[in-house]
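Engineer: Below is the structure I would like to discuss, written out as structure tokens.
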Amino acid sequence: MGKVHNPTGEGIRAISTEVQAKAAKIIAKTTEPKEGEHETKVVEGTAKRNITRKKTADKDSGNYNSAFKKQGGHGKGQWKELMDPSYAEKDPIDEKDPIYDEAEDSSRYILSSMESDVAEKRGYDPGTSKAVYGPLLTLSEFKLQLTECLHEYYDSADTDEVIRTLEELGCQEYHSEIVKKAVSLALDKSSRSRELTSRLLTCLHPTPMTMSDMTTGFEKLLDSMEDLQTDVPDAATIVASFLARAVVDEVLPPAFMSDQNNNRPGDLVIEKALTLLSREHCTARLEKVWGPGDGRPVEDLKKDMDQLLQEYLLSCELDEAARCVKELEAAHFHHELVKRGVFAAMEKDGMKADGDPDAHSNLDAMAALFGFLVRNAIVSEYQVKKGIDRLHTILPDLTLDVPMAPSLLTTFEDLALQQGCLKSKFTPSAAVEEKKTE
């Protein structure tokens, strides 16, 4: 071949145009971005790449979630751990550190809720090995412990044990609840328990209960009078007696009565308490406000029995006499009541003539009284029998004062059989026979 005419001066291409087009298609297929990948754009006139990436989306919601942020940047610079209540220090304070400050060590104490601004160290929690500041118990827990303590006190009458228990509980903020709880429990109990409650309040003042605790406790008690009267109809009278007794025992100041505004149901109790305090010899009367069944000595109980029996022989009111016998709260000592009652009737009837139609009127009234008490389950037949047994034992001594004592005692036994307080005729026991032979 000769020289090829090439006016442009360009050389002949080594690769044909068809081959170049085919190669371009292949390159385009191989360089096409896949699903989820991003195209890289190159701007002319610079060597830097302008890279555009889409934010990674959550597979479930399709929204952007920084949790899938790459290069470990998730949560960087946040306070999440410090704001978490369960956050614990990774590096606890070392007690051997020269700059260790006990006040800054929050792991050495427990703060609990209390009304006062200044916390006082109350105890030590062995479970967490930390000191406890504030009440050791919640109010509901304290009430449960207090109720159990008061029930034990009514059985043992040990005030020192109650004081020791309250100190161990370590809840001075709740001491005003003691007054309300103690009086509320005593409303349903006997005169002995009420007397023990009054004595307990006296022993608890001024320590561990202050005057402020006492006044606050009685104010709470007065505020709850409506609920108390629902359960105990005569609660107003009983609470008034507690108030008057507390003033006499110097547990409450007399000014407490005048500070009430008569704007609540409990303030009506104040008026009854003032009535008790305004009586003559109120101090001596309020010391025995709970009656003879308050656990007083036997000698005082005998005096109350004599007074009860003398009043009955004058009035012959069975209901009033029965009420007084109940107030004695001495079921185990009713045989003494029978003995003294029969002897009092024998003394009065022994002074009358044999032909008098009312020669046995007092014995008849006394037999009616004991028959009424037995039928109403106030006095048992056993106590009546035991009282008559004691009269037979001391019959020789009774004859010195009442010569007709043997016949009068026999008459009373017949009347008791008619009234139903004796099941059978009295038979002397071995002790009585031995006494007679002496």
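Simple scheme: letters A, B, ... for chains in structure tokens order, numbers from 1 for residues in each chain, numbers from 1 for ligands in the order shown.
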Can you pull out every residue within 10 Å of Glu413 (chain A), counting only C-alpha atoms, but drop anything in the same chain fewer than 5 positions away, and send it as a ChimeraX atom specification?
Structural biologist: /A:363,367,385,388,407-408,418-419,421-422,424-426
Engineer: So which residues touch region 283-285 of chain A within 10 Å, counting only C-alpha atoms, skipping near sequence neighbours fewer than 4 positions away, as a ChimeraX atom specification?
Structural biologist: /A:244-245,247-249,276-279,289-291
Engineer: Could you save the residues just selected, with C-alpha atoms, as a compact mmCIF listing (two decimals), in the first residue's frame?
Structural biologist:
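Contents of selection.txt, freshly written:
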```
# COMPACT_ATOMS: atom_id res chain seq x y z
CA ALA A 244 -59.97 15.85 132.28
CA ARG A 245 -57.70 13.18 133.71
CA VAL A 247 -55.19 17.92 132.81
CA VAL A 248 -55.18 16.67 136.41
CA ASP A 249 -52.08 14.55 135.70
CA LEU A 276 -65.72 17.36 135.19
CA LEU A 277 -62.93 19.78 136.08
CA SER A 278 -65.31 22.32 137.60
CA ARG A 279 -66.77 19.91 140.17
CA VAL A 289 -62.71 8.42 137.23
CA TRP A 290 -62.65 4.90 135.79
CA GLY A 291 -64.46 3.34 138.74
```
Engineer: Please return, as a VMD selection string, all residues of region 221-400 of chain A that DSSP assigns to helix (DSSP H, G or I) on the basis of the backbone.
Structural biologist: chain A and resid 221 to 223 225 to 231 235 to 248 255 to 258 267 to 277 282 to 286 298 to 315 318 to 328 331 to 349 361 to 375 381 to 393 395 to 400
Engineer: Using only C-alpha atoms, pick whichever of A:Glu219, A:Cys149, A:Ala331, A:Arg199 has the shortest atom-to-atom distance to Ser176 (chain A).
Structural biologist: A:Glu219
Engineer: Using only C-alpha atoms, pick whichever of A:Ala236, A:Leu313, A:Leu150, A:Ile163 has the shortest atom-to-atom distance to Thr197 (chain A).
Structural biologist: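 Checking each of A:Ala236, A:Leu313, A:Leu150, A:Ile163 against Thr197 (chain A), counting only C-alpha atoms, the winner is A:Leu150.
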Engineer: For Gly371 (chain A), please output as a ChimeraX atom specification all residues within 10 Å (counting only C-alpha atoms; exclusion window: fewer than 5 positions along the same chain).
Structural biologist: /A:365-366,376-377,379-381,384,415-422
Engineer: Mind dumping the selected residues with N, CA and C atoms as an mmCIF file, in the first residue's frame?
Structural biologist:
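The result, written out as out23.cif:
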```
data_model
loop_
_atom_site.group_PDB
_atom_site.id
_atom_site.type_symbol
_atom_site.label_atom_id
_atom_site.label_comp_id
_atom_site.auth_asym_id
_atom_site.auth_seq_id
_atom_site.Cartn_x
_atom_site.Cartn_y
_atom_site.Cartn_z
ATOM 1 N N ALA A 365 -84.813 -8.697 149.649
ATOM 2 C CA ALA A 365 -84.291 -7.798 148.613
ATOM 3 C C ALA A 365 -82.908 -8.252 148.130
ATOM 4 N N MET A 366 -82.082 -8.726 149.057
ATOM 5 C CA MET A 366 -80.742 -9.174 148.649
ATOM 6 C C MET A 366 -80.816 -10.443 147.814
ATOM 7 N N ASN A 376 -79.019 -12.605 134.519
ATOM 8 C CA ASN A 376 -78.416 -11.753 133.488
ATOM 9 C C ASN A 376 -76.936 -12.050 133.272
ATOM 10 N N ALA A 377 -76.459 -13.166 133.817
ATOM 11 C CA ALA A 377 -75.073 -13.633 133.603
ATOM 12 C C ALA A 377 -74.045 -12.596 134.040
ATOM 13 N N VAL A 379 -73.308 -12.347 137.598
ATOM 14 C CA VAL A 379 -72.684 -13.119 138.678
ATOM 15 C C VAL A 379 -73.025 -14.588 138.440
ATOM 16 N N SER A 380 -72.062 -15.452 138.633
ATOM 17 C CA SER A 380 -72.271 -16.887 138.401
ATOM 18 C C SER A 380 -72.816 -17.566 139.659
ATOM 19 N N GLU A 381 -73.458 -18.708 139.445
ATOM 20 C CA GLU A 381 -73.958 -19.483 140.584
ATOM 21 C C GLU A 381 -72.818 -19.962 141.469
ATOM 22 N N VAL A 384 -72.003 -17.288 143.957
ATOM 23 C CA VAL A 384 -73.003 -17.218 145.027
ATOM 24 C C VAL A 384 -72.793 -18.343 146.029
ATOM 25 N N LEU A 415 -84.615 -18.357 150.371
ATOM 26 C CA LEU A 415 -84.982 -17.306 149.424
ATOM 27 C C LEU A 415 -84.132 -17.394 148.146
ATOM 28 N N ALA A 416 -82.836 -17.752 148.287
ATOM 29 C CA ALA A 416 -81.964 -17.882 147.125
ATOM 30 C C ALA A 416 -82.406 -19.039 146.237
ATOM 31 N N LEU A 417 -82.895 -20.129 146.857
ATOM 32 C CA LEU A 417 -83.406 -21.244 146.063
ATOM 33 C C LEU A 417 -84.633 -20.814 145.255
ATOM 34 N N GLN A 418 -85.481 -19.993 145.872
ATOM 35 C CA GLN A 418 -86.674 -19.521 145.167
ATOM 36 C C GLN A 418 -86.309 -18.588 144.005
ATOM 37 N N GLN A 419 -85.274 -17.779 144.191
ATOM 38 C CA GLN A 419 -84.850 -16.839 143.149
ATOM 39 C C GLN A 419 -84.027 -17.519 142.043
ATOM 40 N N GLY A 420 -83.574 -18.737 142.283
ATOM 41 C CA GLY A 420 -82.842 -19.467 141.261
ATOM 42 C C GLY A 420 -81.350 -19.209 141.239
ATOM 43 N N CYS A 421 -80.826 -18.565 142.268
ATOM 44 C CA CYS A 421 -79.368 -18.355 142.295
ATOM 45 C C CYS A 421 -78.652 -19.463 143.053
ATOM 46 N N LEU A 422 -79.371 -20.428 143.596
ATOM 47 C CA LEU A 422 -78.809 -21.634 144.199
ATOM 48 C C LEU A 422 -79.564 -22.826 143.644
#
```
Engineer: What are the DSSP strand (DSSP E or B) residues of region 120-222 of chain A, as a ChimeraX atom specification?
Structural biologist: /A:121-125,130-133
Engineer: Do you have the CA of Lys423 (chain A)-CA of Gln310 (chain A) distance handy?
Structural biologist: 26.7 Å
